[in-house]
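Printed here is structure.cif (mmCIF, C-alpha atoms and all ligand atoms):
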```
data_model
loop_
_atom_site.group_PDB
_atom_site.id
_atom_site.type_symbol
_atom_site.label_atom_id
_atom_site.label_comp_id
_atom_site.auth_asym_id
_atom_site.auth_seq_id
_atom_site.Cartn_x
_atom_site.Cartn_y
_atom_site.Cartn_z
ATOM 1 C CA MET U 1 0.000 0.000 0.000
ATOM 2 C CA LYS U 2 1.125 3.544 -0.699
ATOM 3 C CA THR U 3 2.518 5.531 2.249
ATOM 4 C CA LEU U 4 2.614 9.271 2.891
ATOM 5 C CA ILE U 5 5.086 10.807 5.334
ATOM 6 C CA VAL U 6 3.555 13.940 6.858
ATOM 7 C CA TYR U 7 6.203 15.947 8.656
ATOM 8 C CA TYR U 8 7.080 19.173 10.383
ATOM 9 C CA SER U 9 10.676 20.278 10.805
ATOM 10 C CA LEU U 10 11.984 23.532 12.263
ATOM 11 C CA GLU U 11 15.702 22.983 11.753
ATOM 12 C CA ASN U 12 15.749 20.337 9.030
ATOM 13 C CA HIS U 13 16.828 17.264 11.013
ATOM 14 C CA VAL U 14 13.414 15.690 10.582
ATOM 15 C CA LYS U 15 13.290 16.908 6.997
ATOM 16 C CA GLN U 16 16.530 15.087 6.203
ATOM 17 C CA LEU U 17 15.366 11.935 7.966
ATOM 18 C CA CYS U 18 12.092 11.994 6.045
ATOM 19 C CA GLU U 19 13.820 12.515 2.727
ATOM 20 C CA LYS U 20 16.070 9.514 3.415
ATOM 21 C CA LEU U 21 13.089 7.443 4.499
ATOM 22 C CA ALA U 22 11.136 8.385 1.374
ATOM 23 C CA GLU U 23 14.097 7.517 -0.828
ATOM 24 C CA ARG U 24 14.525 4.105 0.813
ATOM 25 C CA SER U 25 10.851 3.193 1.083
ATOM 26 C CA GLY U 26 9.193 4.787 -1.946
ATOM 27 C CA ALA U 27 6.828 6.782 0.313
ATOM 28 C CA ASP U 28 5.617 10.258 -0.659
ATOM 29 C CA LEU U 29 6.360 13.366 1.408
ATOM 30 C CA LEU U 30 4.170 16.170 2.693
ATOM 31 C CA GLN U 31 5.921 18.942 4.633
ATOM 32 C CA LEU U 32 3.798 21.111 6.904
ATOM 33 C CA HIS U 33 4.470 24.843 7.280
ATOM 34 C CA THR U 34 2.744 27.142 9.727
ATOM 35 C CA VAL U 35 1.338 30.470 8.535
ATOM 36 C CA LYS U 36 3.189 32.169 11.372
ATOM 37 C CA PRO U 37 6.645 30.602 11.575
ATOM 38 C CA TYR U 38 7.988 29.462 14.938
ATOM 39 C CA PRO U 39 11.164 31.324 15.974
ATOM 40 C CA SER U 40 14.273 29.343 15.052
ATOM 41 C CA THR U 41 16.904 31.248 17.039
ATOM 42 C CA GLY U 42 17.699 32.356 20.579
ATOM 43 C CA ALA U 43 15.675 31.760 23.715
ATOM 44 C CA ALA U 44 12.408 32.427 21.854
ATOM 45 C CA LYS U 45 12.944 29.231 19.887
ATOM 46 C CA PHE U 46 12.540 27.110 23.016
ATOM 47 C CA LEU U 47 10.079 29.355 24.833
ATOM 48 C CA VAL U 48 7.570 29.858 22.038
ATOM 49 C CA GLY U 49 7.759 26.347 20.577
ATOM 50 C CA GLY U 50 7.897 24.593 23.946
ATOM 51 C CA LYS U 51 4.939 26.549 25.319
ATOM 52 C CA SER U 52 2.907 25.984 22.182
ATOM 53 C CA ALA U 53 3.577 22.234 22.290
ATOM 54 C CA LEU U 54 2.724 21.946 25.993
ATOM 55 C CA ALA U 55 -0.500 23.916 25.491
ATOM 56 C CA GLY U 56 -1.552 21.543 22.693
ATOM 57 C CA GLU U 57 -1.957 24.415 20.243
ATOM 58 C CA THR U 58 -3.128 23.889 16.675
ATOM 59 C CA PRO U 59 -1.431 26.670 14.662
ATOM 60 C CA LYS U 60 -2.833 27.578 11.272
ATOM 61 C CA LEU U 61 -1.091 25.684 8.484
ATOM 62 C CA GLN U 62 -0.153 26.978 5.070
ATOM 63 C CA PRO U 63 -2.251 25.376 2.313
ATOM 64 C CA TYR U 64 -1.296 21.782 1.506
ATOM 65 C CA ILE U 65 -2.638 18.967 -0.653
ATOM 66 C CA PHE U 66 -3.536 15.696 1.063
ATOM 67 C CA ASN U 67 -4.943 13.165 -1.394
ATOM 68 C CA ALA U 68 -6.151 10.829 1.356
ATOM 69 C CA GLU U 69 -7.673 8.288 -1.034
ATOM 70 C CA LYS U 70 -4.254 7.660 -2.580
ATOM 71 C CA TYR U 71 -2.694 6.388 0.679
ATOM 72 C CA GLY U 72 -3.235 3.334 2.849
ATOM 73 C CA ALA U 73 -0.670 4.440 5.404
ATOM 74 C CA VAL U 74 0.524 7.702 6.948
ATOM 75 C CA ILE U 75 3.717 8.210 8.956
ATOM 76 C CA PHE U 76 3.785 11.323 11.147
ATOM 77 C CA ALA U 77 7.264 12.746 11.644
ATOM 78 C CA SER U 78 8.202 15.500 14.064
ATOM 79 C CA PRO U 79 10.915 16.861 16.306
ATOM 80 C CA VAL U 80 10.338 16.409 20.041
ATOM 81 C CA TRP U 81 9.381 19.686 21.709
ATOM 82 C CA ALA U 82 9.081 19.778 25.494
ATOM 83 C CA SER U 83 8.775 15.977 25.564
ATOM 84 C CA THR U 84 5.883 15.909 23.129
ATOM 85 C CA PHE U 85 5.221 16.130 19.387
ATOM 86 C CA THR U 86 4.957 19.450 17.564
ATOM 87 C CA PRO U 87 1.789 21.529 17.179
ATOM 88 C CA PRO U 88 1.661 21.477 13.345
ATOM 89 C CA ILE U 89 1.204 17.686 13.484
ATOM 90 C CA ARG U 90 -1.745 18.250 15.809
ATOM 91 C CA SER U 91 -3.197 20.831 13.401
ATOM 92 C CA PHE U 92 -2.965 18.388 10.500
ATOM 93 C CA VAL U 93 -4.574 15.521 12.414
ATOM 94 C CA GLU U 94 -7.401 17.747 13.665
ATOM 95 C CA GLU U 95 -8.072 18.927 10.114
ATOM 96 C CA ASN U 96 -8.070 15.395 8.700
ATOM 97 C CA ARG U 97 -9.402 13.085 11.443
ATOM 98 C CA ASP U 98 -12.139 11.625 9.250
ATOM 99 C CA ARG U 99 -9.861 11.161 6.269
ATOM 100 C CA LEU U 100 -7.287 9.316 8.396
ATOM 101 C CA LYS U 101 -9.813 6.765 9.661
ATOM 102 C CA GLY U 102 -8.880 3.172 8.814
ATOM 103 C CA LYS U 103 -5.371 4.022 7.673
ATOM 104 C CA THR U 104 -2.230 2.316 8.917
ATOM 105 C CA LEU U 105 -0.391 4.861 11.082
ATOM 106 C CA GLY U 106 3.206 5.236 12.199
ATOM 107 C CA SER U 107 5.543 7.769 13.793
ATOM 108 C CA LEU U 108 9.085 9.045 13.403
ATOM 109 C CA LEU U 109 10.478 11.391 16.051
ATOM 110 C CA SER U 110 13.814 13.143 16.369
ATOM 111 C CA TYR U 111 15.081 14.497 19.695
ATOM 112 C CA LYS U 112 18.272 15.690 21.321
ATOM 113 C CA GLY U 113 18.546 13.700 24.491
ATOM 114 C CA GLY U 114 15.482 13.762 26.753
ATOM 115 C CA GLY U 115 11.783 13.039 26.571
ATOM 116 C CA GLY U 116 11.832 11.026 23.356
ATOM 117 C CA ASP U 117 10.015 8.044 24.864
ATOM 118 C CA LYS U 118 7.425 10.319 26.436
ATOM 119 C CA ALA U 119 6.818 12.101 23.141
ATOM 120 C CA GLN U 120 6.478 8.787 21.353
ATOM 121 C CA ALA U 121 3.877 7.613 23.875
ATOM 122 C CA LYS U 122 1.967 10.909 23.605
ATOM 123 C CA LEU U 123 1.833 10.775 19.818
ATOM 124 C CA ARG U 124 0.784 7.129 19.947
ATOM 125 C CA GLU U 125 -2.050 7.917 22.358
ATOM 126 C CA TYR U 126 -3.095 10.983 20.389
ATOM 127 C CA LEU U 127 -3.222 9.169 17.046
ATOM 128 C CA THR U 128 -4.997 6.051 18.305
ATOM 129 C CA GLY U 129 -7.193 7.817 20.856
ATOM 130 C CA ARG U 130 -6.242 5.168 23.433
ATOM 131 C CA LYS U 131 -3.676 4.938 26.229
ATOM 132 C CA ASP U 132 -2.842 1.380 25.231
ATOM 133 C CA GLY U 133 -3.152 2.097 21.507
ATOM 134 C CA LYS U 134 -0.526 0.771 19.109
ATOM 135 C CA LEU U 135 0.949 2.149 15.904
ATOM 136 C CA LYS U 136 2.073 -0.184 13.137
ATOM 137 C CA ALA U 137 5.558 1.359 13.037
ATOM 138 C CA GLU U 138 7.615 3.692 15.199
ATOM 139 C CA ALA U 139 11.155 5.066 15.112
ATOM 140 C CA LEU U 140 12.805 7.304 17.681
ATOM 141 C CA ILE U 141 15.965 8.991 16.451
ATOM 142 C CA CYS U 142 18.405 10.760 18.775
ATOM 143 C CA GLU U 143 20.098 13.609 16.953
ATOM 144 C CA PRO U 144 23.713 12.593 16.328
ATOM 145 C CA ASN U 145 26.561 14.733 17.657
ATOM 146 C CA LYS U 146 30.353 14.435 17.781
ATOM 147 C CA LYS U 147 30.400 12.825 21.219
ATOM 148 C CA ASP U 148 27.602 10.431 20.494
ATOM 149 C CA PRO U 149 27.164 9.658 16.806
ATOM 150 C CA HIS U 150 24.210 7.274 17.325
ATOM 151 C CA THR U 151 25.264 4.850 14.655
ATOM 152 C CA GLU U 152 22.120 2.792 15.251
ATOM 153 C CA ASN U 153 20.004 5.564 13.707
ATOM 154 C CA ALA U 154 20.727 4.365 10.169
ATOM 155 C CA GLN U 155 19.518 0.911 11.171
ATOM 156 C CA LYS U 156 16.324 2.324 12.690
ATOM 157 C CA LEU U 157 15.565 4.215 9.506
ATOM 158 C CA ASP U 158 16.292 1.148 7.369
ATOM 159 C CA ASN U 159 13.995 -0.991 9.510
ATOM 160 C CA LEU U 160 11.193 1.526 9.128
ATOM 161 C CA ALA U 161 11.784 1.754 5.375
ATOM 162 C CA ARG U 162 11.657 -2.040 5.077
ATOM 163 C CA LEU U 163 8.363 -2.174 6.954
ATOM 164 C CA ILE U 164 6.850 0.541 4.747
ATOM 165 C CA LYS U 165 7.928 -1.288 1.615
ATOM 166 C CA THR U 166 6.294 -4.532 2.692
ATOM 167 C CA TRP U 167 2.998 -3.466 4.269
HETATM 168 C C1 LIG V 201 10.971 24.312 21.118
HETATM 169 C C2 LIG V 201 11.918 23.141 21.197
HETATM 170 C C3 LIG V 201 11.781 22.225 22.226
HETATM 171 C C4 LIG V 201 12.612 21.099 22.278
HETATM 172 N N1 LIG V 201 12.410 20.175 23.276
HETATM 173 C C5 LIG V 201 13.193 19.056 23.319
HETATM 174 C C6 LIG V 201 12.989 18.061 24.342
HETATM 175 O O1 LIG V 201 12.090 18.139 25.185
HETATM 176 N N2 LIG V 201 13.827 16.995 24.344
HETATM 177 C C7 LIG V 201 14.843 16.828 23.426
HETATM 178 O O2 LIG V 201 15.559 15.839 23.494
HETATM 179 N N3 LIG V 201 15.031 17.746 22.422
HETATM 180 C C8 LIG V 201 14.234 18.844 22.356
HETATM 181 N N4 LIG V 201 14.417 19.763 21.338
HETATM 182 C C9 LIG V 201 15.425 19.463 20.297
HETATM 183 C C10 LIG V 201 14.780 18.872 19.020
HETATM 184 O O3 LIG V 201 13.827 17.878 19.321
HETATM 185 C C11 LIG V 201 15.840 18.224 18.129
HETATM 186 O O4 LIG V 201 16.896 19.122 17.918
HETATM 187 C C12 LIG V 201 15.241 17.774 16.794
HETATM 188 O O5 LIG V 201 16.127 16.856 16.177
HETATM 189 C C13 LIG V 201 15.040 18.975 15.850
HETATM 190 O O6 LIG V 201 14.399 18.578 14.659
HETATM 191 P P1 LIG V 201 14.259 19.631 13.447
HETATM 192 O O7 LIG V 201 15.666 20.024 13.059
HETATM 193 O O8 LIG V 201 13.604 18.858 12.342
HETATM 194 O O9 LIG V 201 13.462 20.785 13.907
HETATM 195 C C14 LIG V 201 13.620 20.891 21.283
HETATM 196 C C15 LIG V 201 13.768 21.840 20.262
HETATM 197 C C16 LIG V 201 12.930 22.954 20.212
HETATM 198 C C17 LIG V 201 13.077 23.960 19.107
#
```

Kindly present the structure from the file in structure tokens form.
Ligand SMILES: Cc1cc2nc3c(=O)[nH]c(=O)nc-3n(C[C@H](O)[C@H](O)[C@H](O)COP(=O)(O)O)c2cc1C
Amino acid sequence: MKTLIVYYSLENHVKQLCEKLAERSGADLLQLHTVKPYPSTGAAKFLVGGKSALAGETPKLQPYIFNAEKYGAVIFASPVWASTFTPPIRSFVEENRDRLKGKTLGSLLSYKGGGGDKAQAKLREYLTGRKDGKLKAEALICEPNKKDPHTENAQKLDNLARLIKTW
């Protein structure tokens, strides 16, 4: 079945991951952009984005095309903000709840070092509507740095790509 990766990325880590995943799995990509951009520098970056994520905001999205009937599966990809997923993902899901019904769902999250598991659980619960809900596929990627290159990330992405190709 055809898969769409719906993603939001402030600083392009998630964007790069999604592009790799699409290349390896044959999935299509849909990048979300907010009408009012989140700050990407200084303290405001963390304050504004973190507060918005914690408050469960649904910022207005720039126009996008979601041909729901074309896809059997949707992967939601997001950075972790304040131990949860980002508001634009919430906006998209709220706008398309009915059209997402019955589809195979998955998640891909990128974080820096804390709260990744929590964010994964929150997105899982939000998408399934149940505390014990399950997604068909999940990948949690810790942003690589010089001290900790996270070599297993490539494997995680490959595993997700393989799953997408075969479902
Ligand atoms: C507003 C904000 C809040 C963040 N909160 C967390 C957090 O709680 N835990 C964490 O490990 N990283 C946190 N990060 C770091 C991002 O999750 C991480 O850098 C991610 O890979 C960025 O993806 P992007 O480049 O696609 O935006 C935060 C970043 C921002 C901007």

Point to revise | Picked residues, the PyMOL selection byres (((chain U and resi 108) around 8) and not hetatm), expected as a list of chain:residue names | key: U:Ile75, U:Phe76, U:Ala77, U:Ser78, U:Gly106, U:Ser107, U:Leu109, U:Ser110, U:Glu138, U:Ala139, U:Leu140, U:Ile141

Please, which residues in chain U fall within 8 Å of ligand LIG 201 (chain V) when counting all atoms listed in the file, and what is the closest atom pair and distance in Å to one decimal for each, ordered by chain then residue number, as a tab-separated table?
```
residue	atom	partner	partner_atom	distance
U:Tyr8	CA	V:LIG201	O8	6.8
U:Ser9	CA	V:LIG201	O8	3.6
U:Leu10	CA	V:LIG201	O9	3.5
U:Glu11	CA	V:LIG201	O7	3.2
U:Asn12	CA	V:LIG201	O7	4.0
U:His13	CA	V:LIG201	O7	3.6
U:Val14	CA	V:LIG201	O8	3.6
U:Lys15	CA	V:LIG201	O8	5.7
U:Gln16	CA	V:LIG201	O8	7.8
U:Ser40	CA	V:LIG201	C17	6.8
U:Lys45	CA	V:LIG201	C17	5.3
U:Phe46	CA	V:LIG201	C1	3.7
U:Leu47	CA	V:LIG201	C1	6.3
U:Val48	CA	V:LIG201	C1	6.6
U:Gly49	CA	V:LIG201	C1	3.8
U:Gly50	CA	V:LIG201	C1	4.2
U:Lys51	CA	V:LIG201	C1	7.7
U:Ala53	CA	V:LIG201	C1	7.8
U:Ser78	CA	V:LIG201	O8	6.6
U:Pro79	CA	V:LIG201	O6	4.2
U:Val80	CA	V:LIG201	O3	3.9
U:Trp81	CA	V:LIG201	N1	3.4
U:Ala82	CA	V:LIG201	O1	3.4
U:Ser83	CA	V:LIG201	O1	4.0
U:Thr84	CA	V:LIG201	O1	6.9
U:Leu109	CA	V:LIG201	O5	7.9
U:Ser110	CA	V:LIG201	O5	4.4
U:Tyr111	CA	V:LIG201	O3	3.6
U:Lys112	CA	V:LIG201	O2	3.5
U:Gly113	CA	V:LIG201	O2	3.8
U:Gly114	CA	V:LIG201	O2	3.9
U:Gly115	CA	V:LIG201	N2	5.0
U:Gly116	CA	V:LIG201	O2	6.1
U:Ile141	CA	V:LIG201	O5	7.9
U:Cys142	CA	V:LIG201	O5	7.0
U:Glu143	CA	V:LIG201	O5	5.2
```

Revision key, fill the gap. Separating atom CA of U:Asp158 from atom CA of U:Leu4, to the nearest tenth of an Å, is a gap of 16.5 Å

Check your understanding: Do you know which residues the PyMOL selection byres (((chain U and resi 95) around 12) and not hetatm) returns on this file, as a PyMOL selection string?
Key -> chain U and resi 58-61+63-64+66+88-94+96-100

Check your understanding: What residues come out when you apply the PyMOL selection byres (((chain U and resi 32) around 6) and not hetatm) to this file, written as JSON, numbers by chain?
Key -> {"U": [7, 8, 31, 33]}

Residues of the last selection are to be written out with C-alpha atoms, as a PDB file, keeping the file's coordinate frame.
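Final output, saved to selection24.pdb:
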```pdb
ATOM      1  CA  TYR U   7       6.203  15.947   8.656  1.00  0.00           C
ATOM      2  CA  TYR U   8       7.080  19.173  10.383  1.00  0.00           C
ATOM      3  CA  GLN U  31       5.921  18.942   4.633  1.00  0.00           C
ATOM      4  CA  HIS U  33       4.470  24.843   7.280  1.00  0.00           C
TER       5      HIS U  33
END
```

**Study point:** atom CA of U:Pro87 to atom CA of U:Gly133, straight-line distance in Å
**Key:**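 Between atom CA of U:Gly133 and atom CA of U:Pro87 the gap is 20.5 Å.
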
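The spacing separating atom CA of U:Gly72 from atom CA of U:Ala27 amounts to 10.9 Å.
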
Point to revise | Nearest-residue call for U:Thr166, choices U:Gly26, U:Val35, U:Leu17, U:Gly56, using all atoms listed in the file | key: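 Of U:Gly26, U:Val35, U:Leu17, U:Gly56, the one nearest U:Thr166, counting all atoms listed in the file, is U:Gly26.
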
Exercise for review: Give the answer as one residue: which of U:Trp167, U:Phe85, U:Tyr38, U:Tyr126 has the shortest atom-to-atom distance to U:Ala73, using all atoms listed in the file?
Suggested key: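 Of the candidates, the smallest distance to U:Ala73 is held by U:Trp167.
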
Point to revise | Residue with smallest distance to U:Tyr71 - pool U:Gln155, U:Thr128, U:Asn145, U:Thr3, counting all atoms listed in the file | key: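 Going through U:Gln155, U:Thr128, U:Asn145, U:Thr3 one by one, the smallest distance to U:Tyr71 is for U:Thr3.
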